[in-house]
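Data block for structure-v4.pdb (PDB, C-alpha atoms):
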```
ATOM      1  CA  ALA A1352     238.842 111.408  66.196
ATOM      2  CA  SER A1353     237.404 108.293  67.730
ATOM      3  CA  THR A1354     234.259 106.745  66.244
ATOM      4  CA  PRO A1355     231.256 107.218  68.540
ATOM      5  CA  PRO A1356     229.764 103.959  69.783
ATOM      6  CA  ALA A1357     226.770 102.696  67.830
ATOM      7  CA  GLN A1358     223.506 103.298  69.559
ATOM      8  CA  GLU A1359     221.475 100.220  70.397
ATOM      9  CA  THR A1360     218.097  99.961  68.692
ATOM     10  CA  PRO A1361     215.383 100.166  71.355
ATOM     11  CA  VAL A1362     213.041  97.184  71.490
ATOM     12  CA  PRO A1363     209.412  98.278  70.845
ATOM     13  CA  LEU A1364     207.818  96.349  73.691
ATOM     14  CA  ALA A1365     204.346  97.907  73.461
ATOM     15  CA  PRO A1366     202.980  95.426  70.849
ATOM     16  CA  ALA A1367     204.181  92.442  72.880
ATOM     17  CA  LEU A1368     202.770  93.898  76.112
ATOM     18  CA  ILE A1369     199.376  94.548  74.498
ATOM     19  CA  CYS A1370     199.393  90.960  73.230
ATOM     20  CA  LEU A1371     200.229  89.701  76.721
ATOM     21  CA  ALA A1372     197.432  91.809  78.211
ATOM     22  CA  LEU A1373     194.900  90.291  75.798
ATOM     23  CA  PHE A1374     196.058  86.777  76.680
ATOM     24  CA  LEU A1375     195.676  87.603  80.378
ATOM     25  CA  ILE A1376     192.121  88.876  79.812
ATOM     26  CA  ALA A1377     191.288  85.665  77.952
ATOM     27  CA  ALA A1378     192.784  83.572  80.758
ATOM     28  CA  ALA A1379     190.858  85.553  83.378
ATOM     29  CA  ALA A1380     187.644  85.000  81.405
ATOM     30  CA  LEU A1381     188.219  81.247  81.504
ATOM     31  CA  LEU A1382     189.193  81.059  85.161
ATOM     32  CA  ARG A1383     186.317  83.318  86.244
ATOM     33  CA  LYS A1384     183.878  81.685  83.790
ATOM     34  CA  SER A1385     183.059  85.191  82.602
ATOM     35  CA  ASN A1386     181.289  85.581  79.282
ATOM     36  CA  ALA A1387     181.724  89.372  79.445
ATOM     37  CA  LEU A1388     185.497  89.070  79.839
ATOM     38  CA  ARG A1389     185.669  86.555  77.014
ATOM     39  CA  TRP A1390     183.862  88.932  74.667
ATOM     40  CA  ALA A1391     186.222  91.686  75.801
ATOM     41  CA  ALA A1392     189.144  89.451  74.789
ATOM     42  CA  LEU A1393     187.482  88.536  71.469
ATOM     43  CA  THR A1394     186.821  92.205  70.728
ATOM     44  CA  GLY A1395     190.367  93.154  71.692
ATOM     45  CA  GLY A1396     191.814  90.453  69.441
ATOM     46  CA  PHE A1397     189.563  91.518  66.576
ATOM     47  CA  VAL A1398     190.538  95.181  66.889
ATOM     48  CA  TYR A1399     194.246  94.857  67.698
ATOM     49  CA  PHE A1400     195.316  91.708  65.834
ATOM     50  CA  GLY A1401     192.832  92.052  62.991
ATOM     51  CA  LEU A1402     192.128  95.724  62.313
ATOM     52  CA  ILE A1403     195.155  97.575  63.693
ATOM     53  CA  THR A1404     198.190  95.339  63.214
ATOM     54  CA  HIS A1405     196.908  92.740  60.690
ATOM     55  CA  THR A1406     199.083  90.275  62.605
ATOM     56  CA  MET A1407     197.437  86.961  63.434
ATOM     57  CA  LEU A1408     198.532  83.459  64.256
ATOM     58  CA  SER A1409     198.782  81.800  60.859
ATOM     59  CA  ILE A1410     200.111  78.700  59.171
ATOM     60  CA  ILE A1411     202.335  81.145  57.263
ATOM     61  CA  GLN A1412     204.116  81.903  60.554
ATOM     62  CA  ALA A1413     204.643  78.208  61.243
ATOM     63  CA  VAL A1414     205.978  77.614  57.723
ATOM     64  CA  GLN A1415     208.315  80.612  57.927
ATOM     65  CA  ALA A1416     209.626  79.328  61.242
ATOM     66  CA  GLY A1417     210.203  75.912  59.675
ATOM     67  CA  LEU A1418     212.098  77.533  56.791
ATOM     68  CA  GLY A1419     214.163  79.645  59.169
ATOM     69  CA  HIS A1420     212.646  82.883  57.822
ATOM     70  CA  VAL A1421     211.776  84.568  61.089
ATOM     71  CA  PRO A1422     211.977  88.265  61.998
ATOM     72  CA  SER A1423     214.086  89.413  64.913
ATOM     73  CA  PHE A1424     212.250  90.244  68.127
ATOM     74  CA  VAL A1425     213.426  93.855  67.814
ATOM     75  CA  LYS A1426     211.846  94.254  64.370
ATOM     76  CA  ASN A1427     208.615  92.362  65.034
ATOM     77  CA  PRO A1428     207.947  91.670  68.730
ATOM     78  CA  LEU A1429     204.253  91.031  68.073
ATOM     79  CA  TRP A1430     205.072  88.168  65.670
ATOM     80  CA  TRP A1431     207.045  86.462  68.428
ATOM     81  CA  ALA A1432     204.593  87.324  71.218
ATOM     82  CA  ILE A1433     201.618  85.741  69.444
ATOM     83  CA  LEU A1434     203.573  82.631  68.506
ATOM     84  CA  VAL A1435     205.140  82.054  71.932
ATOM     85  CA  LEU A1436     202.103  82.988  74.039
ATOM     86  CA  THR A1437     199.784  80.824  71.926
ATOM     87  CA  PHE A1438     201.791  77.649  72.330
ATOM     88  CA  VAL A1439     202.858  78.253  75.939
ATOM     89  CA  SER A1440     199.237  78.888  76.911
ATOM     90  CA  ALA A1441     198.152  75.840  74.875
ATOM     91  CA  LEU A1442     200.428  73.626  76.949
ATOM     92  CA  LEU A1443     199.313  75.218  80.223
ATOM     93  CA  VAL A1444     195.557  75.658  79.764
ATOM     94  CA  GLY A1445     194.607  74.754  76.185
ATOM     95  CA  ARG A1446     193.619  76.557  72.992
ATOM     96  CA  LEU A1447     193.213  80.011  74.480
ATOM     97  CA  TYR A1448     194.127  81.942  71.319
ATOM     98  CA  CYS A1449     191.768  79.974  69.077
ATOM     99  CA  GLY A1450     188.880  80.299  71.491
ATOM    100  CA  SER A1451     189.085  83.883  72.677
ATOM    101  CA  LEU A1452     191.626  85.935  70.703
ATOM    102  CA  CYS A1453     191.590  84.976  67.020
ATOM    103  CA  PRO A1454     189.973  87.844  65.035
ATOM    104  CA  PHE A1455     188.157  85.418  62.748
ATOM    105  CA  ALA A1456     186.679  83.686  65.796
ATOM    106  CA  LEU A1457     184.691  86.815  66.611
ATOM    107  CA  VAL A1458     183.493  87.134  63.019
ATOM    108  CA  GLN A1459     182.225  83.548  62.977
ATOM    109  CA  GLU A1460     180.591  83.729  66.386
ATOM    110  CA  VAL A1461     178.807  87.004  65.653
ATOM    111  CA  LEU A1462     177.471  85.649  62.363
ATOM    112  CA  HIS A1463     176.209  82.522  64.087
ATOM    113  CA  GLN A1464     174.695  84.322  67.083
ATOM    114  CA  LEU A1465     172.891  86.903  64.949
ATOM    115  CA  THR A1466     171.217  84.375  62.691
ATOM    116  CA  ARG A1467     171.014  80.973  64.369
ATOM    117  CA  HIS A1468     167.481  81.482  65.702
ATOM    118  CA  ARG A1469     166.235  82.439  62.246
ATOM    119  CA  HIS A1470     167.404  79.294  60.462
ATOM    120  CA  PRO A1471     165.859  76.039  61.733
ATOM    121  CA  LEU A1472     168.717  73.972  60.327
ATOM    122  CA  THR A1473     170.416  71.174  62.197
ATOM    123  CA  GLU A1474     173.291  72.437  64.316
ATOM    124  CA  HIS A1475     175.225  69.218  64.502
ATOM    125  CA  ILE A1476     176.662  67.059  61.780
ATOM    126  CA  SER A1477     176.376  63.332  62.546
ATOM    127  CA  PRO A1478     179.157  62.163  64.904
ATOM    128  CA  ASP A1479     180.695  59.811  62.358
ATOM    129  CA  ILE A1480     180.859  62.425  59.599
ATOM    130  CA  ASP A1481     182.001  65.044  62.103
ATOM    131  CA  ARG A1482     184.887  62.884  63.299
ATOM    132  CA  LYS A1483     186.073  62.168  59.759
ATOM    133  CA  ALA A1484     185.612  65.786  58.621
ATOM    134  CA  ARG A1485     187.809  67.106  61.436
ATOM    135  CA  MET A1486     190.732  65.190  59.974
ATOM    136  CA  THR A1487     190.668  67.562  56.982
ATOM    137  CA  LYS A1488     192.437  70.315  58.927
ATOM    138  CA  TYR A1489     195.286  67.939  59.760
ATOM    139  CA  ILE A1490     195.560  66.896  56.112
ATOM    140  CA  LEU A1491     195.728  70.570  55.150
ATOM    141  CA  LEU A1492     198.342  71.249  57.839
ATOM    142  CA  PHE A1493     200.708  68.521  56.662
ATOM    143  CA  GLY A1494     199.919  68.997  52.977
ATOM    144  CA  VAL A1495     200.427  72.760  52.910
ATOM    145  CA  THR A1496     203.490  72.600  55.155
ATOM    146  CA  GLY A1497     205.062  69.878  53.026
ATOM    147  CA  ILE A1498     204.479  71.806  49.791
ATOM    148  CA  CYS A1499     205.954  74.978  51.303
ATOM    149  CA  LEU A1500     209.038  73.202  52.597
ATOM    150  CA  VAL A1501     209.631  71.636  49.174
ATOM    151  CA  MET A1502     209.100  74.980  47.405
ATOM    152  CA  GLY A1503     211.233  76.842  49.924
ATOM    153  CA  ASN A1504     208.645  79.588  50.514
ATOM    154  CA  ALA A1505     205.274  80.126  52.205
ATOM    155  CA  THR A1506     203.259  80.989  49.075
ATOM    156  CA  ALA A1507     201.155  77.813  49.204
ATOM    157  CA  ALA A1508     200.188  78.602  52.816
ATOM    158  CA  ASN A1509     198.302  81.749  51.818
ATOM    159  CA  ILE A1510     194.905  80.047  52.016
ATOM    160  CA  GLU A1511     193.485  81.240  55.316
ATOM    161  CA  PRO A1512     190.310  83.359  55.024
ATOM    162  CA  PHE A1513     191.225  85.639  57.923
ATOM    163  CA  ILE A1514     194.367  86.754  56.070
ATOM    164  CA  THR A1515     192.172  87.716  53.113
ATOM    165  CA  LEU A1516     189.686  89.488  55.380
ATOM    166  CA  PHE A1517     192.056  91.474  57.589
ATOM    167  CA  ALA A1518     195.231  91.848  55.525
ATOM    168  CA  GLY A1519     193.301  92.601  52.349
ATOM    169  CA  HIS A1520     195.277  90.385  50.013
ATOM    170  CA  GLY A1521     194.709  87.005  48.450
ATOM    171  CA  SER A1522     193.674  85.363  45.221
ATOM    172  CA  LYS A1523     190.136  85.213  43.852
ATOM    173  CA  LEU A1524     190.001  81.647  45.147
ATOM    174  CA  ALA A1525     190.928  82.914  48.628
ATOM    175  CA  LEU A1526     188.118  85.489  48.443
ATOM    176  CA  VAL A1527     185.639  82.787  47.452
ATOM    177  CA  LEU A1528     186.832  80.668  50.393
ATOM    178  CA  LEU A1529     186.346  83.619  52.758
ATOM    179  CA  VAL A1530     182.762  84.192  51.621
ATOM    180  CA  LEU A1531     181.989  80.468  51.801
ATOM    181  CA  MET A1532     183.381  80.163  55.350
ATOM    182  CA  MET A1533     181.342  83.155  56.515
ATOM    183  CA  ILE A1534     178.173  81.637  55.047
ATOM    184  CA  LEU A1535     178.872  78.250  56.641
ATOM    185  CA  ALA A1536     179.541  79.944  59.998
ATOM    186  CA  VAL A1537     175.910  81.081  59.965
ATOM    187  CA  PHE A1538     174.648  77.505  59.941
ATOM    188  CA  ASN A1539     177.359  75.665  61.865
ATOM    189  CA  ALA A1540     179.290  77.325  64.678
ATOM    190  CA  ARG A1541     182.944  77.935  63.792
ATOM    191  CA  PHE A1542     182.925  75.677  60.756
ATOM    192  CA  TRP A1543     186.373  76.848  59.595
ATOM    193  CA  CYS A1544     187.930  76.215  63.003
ATOM    194  CA  LYS A1545     186.529  72.712  63.394
ATOM    195  CA  TYR A1546     187.126  71.309  59.951
ATOM    196  CA  LEU A1547     189.613  73.290  57.868
ATOM    197  CA  CYS A1548     191.932  75.586  59.843
ATOM    198  CA  PRO A1549     195.525  74.282  59.501
ATOM    199  CA  ILE A1550     196.909  76.483  62.261
ATOM    200  CA  GLY A1551     194.011  75.280  64.385
ATOM    201  CA  ALA A1552     195.238  71.744  63.760
ATOM    202  CA  LEU A1553     198.674  72.778  65.012
ATOM    203  CA  THR A1554     197.279  74.322  68.202
ATOM    204  CA  SER A1555     195.175  71.178  68.642
ATOM    205  CA  PHE A1556     198.366  69.132  68.865
ATOM    206  CA  ALA A1557     199.658  71.430  71.602
ATOM    207  CA  GLY A1558     196.287  71.601  73.368
ATOM    208  CA  ALA A1559     196.089  67.810  73.517
ATOM    209  CA  PHE A1560     199.048  67.901  75.945
ATOM    210  CA  SER A1561     197.616  70.692  78.103
ATOM    211  CA  ILE A1562     198.092  70.130  81.832
ATOM    212  CA  SER A1563     194.665  71.676  82.510
ATOM    213  CA  LYS A1564     191.369  70.288  81.251
ATOM    214  CA  ILE A1565     187.621  70.537  81.759
ATOM    215  CA  ARG A1566     186.516  67.576  83.865
ATOM    216  CA  PRO A1567     183.391  66.376  85.697
ATOM    217  CA  THR A1568     183.339  66.250  89.490
ATOM    218  CA  LYS A1569     181.482  63.839  91.770
ATOM    219  CA  GLY A1570     178.354  65.981  91.504
ATOM    220  CA  CYS A1571     177.902  65.217  87.799
ATOM    221  CA  THR A1572     174.492  63.632  87.118
ATOM    222  CA  GLY A1573     175.115  62.860  83.438
ATOM    223  CA  CYS A1574     172.370  65.214  82.230
ATOM    224  CA  GLY A1575     174.234  65.964  78.986
ATOM    225  CA  THR A1576     173.770  69.743  79.121
ATOM    226  CA  CYS A1577     177.470  70.377  78.589
ATOM    227  CA  SER A1578     177.737  68.216  75.467
ATOM    228  CA  ARG A1579     174.624  69.801  73.954
ATOM    229  CA  ILE A1580     175.805  73.370  74.520
ATOM    230  CA  CYS A1581     179.415  72.927  73.355
ATOM    231  CA  PRO A1582     179.820  74.992  70.149
ATOM    232  CA  THR A1583     182.572  72.784  68.762
ATOM    233  CA  GLN A1584     181.093  69.440  69.910
ATOM    234  CA  ALA A1585     184.279  68.796  71.874
ATOM    235  CA  ILE A1586     182.444  67.029  74.719
ATOM    236  CA  SER A1587     181.445  63.385  74.451
ATOM    237  CA  THR A1588     179.595  61.280  77.014
ATOM    238  CA  ASP A1589     179.901  57.669  78.078
ATOM    239  CA  ALA A1590     177.077  55.176  78.623
ATOM    240  CA  GLN A1591     176.218  56.796  81.968
ATOM    241  CA  GLY A1592     176.183  60.259  80.426
ATOM    242  CA  ILE A1593     179.408  61.313  82.134
ATOM    243  CA  PRO A1594     181.160  63.907  79.945
ATOM    244  CA  ALA A1595     184.740  64.071  78.745
ATOM    245  CA  ALA A1596     186.097  67.153  76.978
ATOM    246  CA  ASP A1597     188.625  66.627  74.194
ATOM    247  CA  PRO A1598     191.359  69.236  74.834
ATOM    248  CA  ALA A1599     192.427  69.051  71.193
ATOM    249  CA  GLU A1600     189.012  70.357  70.086
ATOM    250  CA  CYS A1601     187.951  72.402  73.122
ATOM    251  CA  ILE A1602     188.244  76.174  72.554
ATOM    252  CA  LEU A1603     187.847  77.058  76.255
ATOM    253  CA  CYS A1604     184.761  79.215  75.764
ATOM    254  CA  ALA A1605     183.567  78.071  79.232
ATOM    255  CA  LYS A1606     179.953  77.732  78.057
ATOM    256  CA  CYS A1607     179.753  74.270  79.579
ATOM    257  CA  LEU A1608     181.170  75.507  82.895
ATOM    258  CA  ARG A1609     178.524  78.219  83.083
ATOM    259  CA  ALA A1610     175.639  76.039  81.869
ATOM    260  CA  CYS A1611     176.102  72.993  84.113
ATOM    261  CA  PRO A1612     172.971  72.914  86.331
ATOM    262  CA  GLU A1613     174.825  71.087  89.124
ATOM    263  CA  LYS A1614     177.999  73.194  88.847
ATOM    264  CA  ALA A1615     179.725  69.829  88.513
ATOM    265  CA  LEU A1616     182.286  70.735  85.870
ATOM    266  CA  THR A1617     185.676  72.070  86.824
ATOM    267  CA  PHE A1618     188.660  73.398  84.940
ATOM    268  CA  GLY A1619     192.099  72.554  86.249
ATOM    269  CA  CYS A1620     194.900  70.042  86.450
ATOM    270  CA  GLY A1621     192.759  67.142  87.707
ATOM    271  CA  CYS A1622     192.706  67.443  91.489
ATOM    272  CA  HIS A1623     188.871  67.519  91.440
ATOM    273  CA  GLU A1624     188.397  64.875  88.793
ATOM    274  CA  LYS A1625     185.420  62.576  89.267
ATOM    275  CA  LYS A1626     186.389  59.196  90.744
TER
END
```
Let's see the structure in the file written out as structure tokens.
Amino acid sequence: ASTPPAQETPVPLAPALICLALFLIAAAALLRKSNALRWAALTGGFVYFGLITHTMLSIIQAVQAGLGHVPSFVKNPLWWAILVLTFVSALLVGRLYCGSLCPFALVQEVLHQLTRHRHPLTEHISPDIDRKARMTKYILLFGVTGICLVMGNATAANIEPFITLFAGHGSKLALVLLVLMMILAVFNARFWCKYLCPIGALTSFAGAFSISKIRPTKGCTGCGTCSRICPTQAISTDAQGIPAADPAECILCAKCLRACPEKALTFGCGCHEKK
């Protein structure tokens, strides 16, 4: 008797399609400057990536990819969907995942929003210290990646607080780091993202080459509202007060676009850039 042909394993596309839908909601929130849509994307990322699947963009993923230890798309379509959509969107629009889909982003923003009016502490670190402190995440990125590549495994990359929070595993040191980052988020918006997140450093590299950016138009009066309201202090101003958003640090929350009193900020590829 002839051997029956082997049946092909069906590809479970639902996780990848849900991931794509969340990215589309986040993109729509940015393009429509909608705070409600952005919080819908943040909530969706928190629930689906964090609570349901425990699958998040992580430096562990990047290290595994570098070591050649990657799952097949058939076995883990969500792993591939998050990785590909994050970096494709970063090159097209910027750091969409970091700003509106990362589960830990919602945790940090909720903590900050709930308590910021009760703690009269300074929101901003001095520009010089801030600039130097942001380099820490790049040091962690290269340091952790280098150690993992030498060791041949991703053990050293298991330092991210959101893995401890949502996946429920990690050392005592990792738990201490999680608690510390949540406390610091109360006093400084998205402290982990700005200064320590190694995967955030990696998306910053991609975001720096984004073809779309936030730019001032001819109607900009240099009032400085956008730079004051930016939660990650990604907007600097020149001597005339004209703003420039750093795409490597911008998380595309669109707060500046909504807050501009002259509606003189635009997001796009540069066709409306101020001359």
Rows by chain and residue number, segment 1439-1466 of chain A within 10 Å of segment 1498-1522 of chain A, shortest pair, only C-alpha atoms, as JSON lines:
```
{"residue": "A:Cys1453", "atom": "CA", "partner": "A:Phe1513", "partner_atom": "CA", "distance": 9.1}
{"residue": "A:Pro1454", "atom": "CA", "partner": "A:Phe1513", "partner_atom": "CA", "distance": 7.6}
{"residue": "A:Phe1455", "atom": "CA", "partner": "A:Phe1513", "partner_atom": "CA", "distance": 5.7}
{"residue": "A:Ala1456", "atom": "CA", "partner": "A:Phe1513", "partner_atom": "CA", "distance": 9.3}
{"residue": "A:Val1458", "atom": "CA", "partner": "A:Phe1513", "partner_atom": "CA", "distance": 9.4}
```
What does the file look like for those residues with C-alpha atoms, as a JSON list (two decimals), in the coordinates of the input?
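This went into part.json:
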```json
[["chain", "number", "residue", "atom", "x", "y", "z"],
["A", 1453, "CYS", "CA", 191.59, 84.98, 67.02],
["A", 1454, "PRO", "CA", 189.97, 87.84, 65.04],
["A", 1455, "PHE", "CA", 188.16, 85.42, 62.75],
["A", 1456, "ALA", "CA", 186.68, 83.69, 65.80],
["A", 1458, "VAL", "CA", 183.49, 87.13, 63.02]]
```
Take the PyMOL selection byres ((chain A and resi 1587) around 12), run it mentally on this structure, and tell me the resulting residues as a CSV table (one decimal) with C-alpha atoms, keeping the file's coordinate frame.
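And here is the file that came out, result14.csv:
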```csv
chain,number,residue,atom,x,y,z
A,1478,PRO,CA,179.2,62.2,64.9
A,1482,ARG,CA,184.9,62.9,63.3
A,1565,ILE,CA,187.6,70.5,81.8
A,1566,ARG,CA,186.5,67.6,83.9
A,1567,PRO,CA,183.4,66.4,85.7
A,1573,GLY,CA,175.1,62.9,83.4
A,1575,GLY,CA,174.2,66.0,79.0
A,1576,THR,CA,173.8,69.7,79.1
A,1577,CYS,CA,177.5,70.4,78.6
A,1578,SER,CA,177.7,68.2,75.5
A,1579,ARG,CA,174.6,69.8,74.0
A,1580,ILE,CA,175.8,73.4,74.5
A,1581,CYS,CA,179.4,72.9,73.4
A,1583,THR,CA,182.6,72.8,68.8
A,1584,GLN,CA,181.1,69.4,69.9
A,1585,ALA,CA,184.3,68.8,71.9
A,1586,ILE,CA,182.4,67.0,74.7
A,1588,THR,CA,179.6,61.3,77.0
A,1589,ASP,CA,179.9,57.7,78.1
A,1590,ALA,CA,177.1,55.2,78.6
A,1591,GLN,CA,176.2,56.8,82.0
A,1592,GLY,CA,176.2,60.3,80.4
A,1593,ILE,CA,179.4,61.3,82.1
A,1594,PRO,CA,181.2,63.9,79.9
A,1595,ALA,CA,184.7,64.1,78.7
A,1596,ALA,CA,186.1,67.2,77.0
A,1597,ASP,CA,188.6,66.6,74.2
A,1598,PRO,CA,191.4,69.2,74.8
A,1600,GLU,CA,189.0,70.4,70.1
A,1601,CYS,CA,188.0,72.4,73.1
```
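Of the listed residues A:Met1407, A:Ala1413, A:Ala1379, A:Leu1452, the one whose atoms come nearest to Gly1395 of chain A is A:Leu1452, with distances taken using only C-alpha atoms.
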What lies within 12 Å of Thr1466 of chain A using only C-alpha atoms, ignoring chain neighbours under 4 positions off, as a count of residues only?
15
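Residues in contact with Lys1614 of chain A at up to 10 Å, not including ones fewer than 4 positions away on its chain and judged by all atoms listed in the file, are Pro1567, Thr1568, Gly1570, Cys1571, Cys1607, Leu1608, Arg1609 and Ala1610 of chain A.
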Calculate how many Å separate atom CA of Val1527 of chain A from atom CA of Cys1544 of chain A, rounding to one decimal.
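Here the two named atoms are 17.0 Å from each other.
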Result set, the PyMOL selection byres ((chain A and resi 1420-1432) around 7) on current file, as a ChimeraX atom specification:
/A:1362-1364,1366-1367,1370,1415-1416,1418-1419,1433-1436
Nearest-residue call for Thr1496 of chain A, choices A:Ala1392, A:Ile1476, A:Ile1550, A:Leu1526, using only C-alpha atoms:
A:Ile1550
Point out the residue among A:Phe1374, A:Tyr1489, A:Phe1560, A:Phe1400 with the least atom-to-atom distance to Leu1388 of chain A, counting all atoms listed in the file.
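The answer is A:Phe1374, which sits nearest to Leu1388 of chain A.
Put simply, atom CA of Phe1493 of chain A is 11.7 Å away from atom CA of Cys1548 of chain A.
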Given the choices A:Ala1615, A:Leu1491, A:Ala1441, A:Leu1553, which gets closest to Lys1569 of chain A if the distance is worked out from only C-alpha atoms?
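For Lys1569 of chain A, the nearest of the given residues is A:Ala1615.
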Given 5 Å of margin on each side, can you work out the centre and size in Å (one decimal) of an axis-aligned box holding every listed atom of segment 1370-1377 of chain A, as lines of an AutoDock Vina configuration file?
```
center_x = 195.8
center_y = 88.7
center_z = 76.8
size_x = 18.9
size_y = 16.1
size_z = 17.1
```
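Going from atom CA of Ile1403 of chain A to atom CA of Leu1447 of chain A covers 20.7 Å.
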Here is a test: counting all atoms listed in the file, which residue of A:Lys1488, A:Phe1438, A:Leu1529, A:Lys1564 is nearest to Ala1605 of chain A?
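Residue with the minimum atom-to-atom distance to Ala1605 of chain A: A:Lys1564.
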For Gly1497 of chain A, the nearest of the candidates A:Ile1410, A:Val1530, A:Thr1437, A:His1463, counting all atoms listed in the file:
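Closest to Gly1497 of chain A, using all atoms listed in the file: A:Ile1410.
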Once the PyMOL selection byres ((chain A and resi 1451) around 10) is applied to the coordinates I shared, what remains selected? I want it as a ChimeraX atom specification.
/A:1373-1374,1376-1378,1380-1381,1388-1397,1446-1450,1452-1454,1456-1457,1602-1604
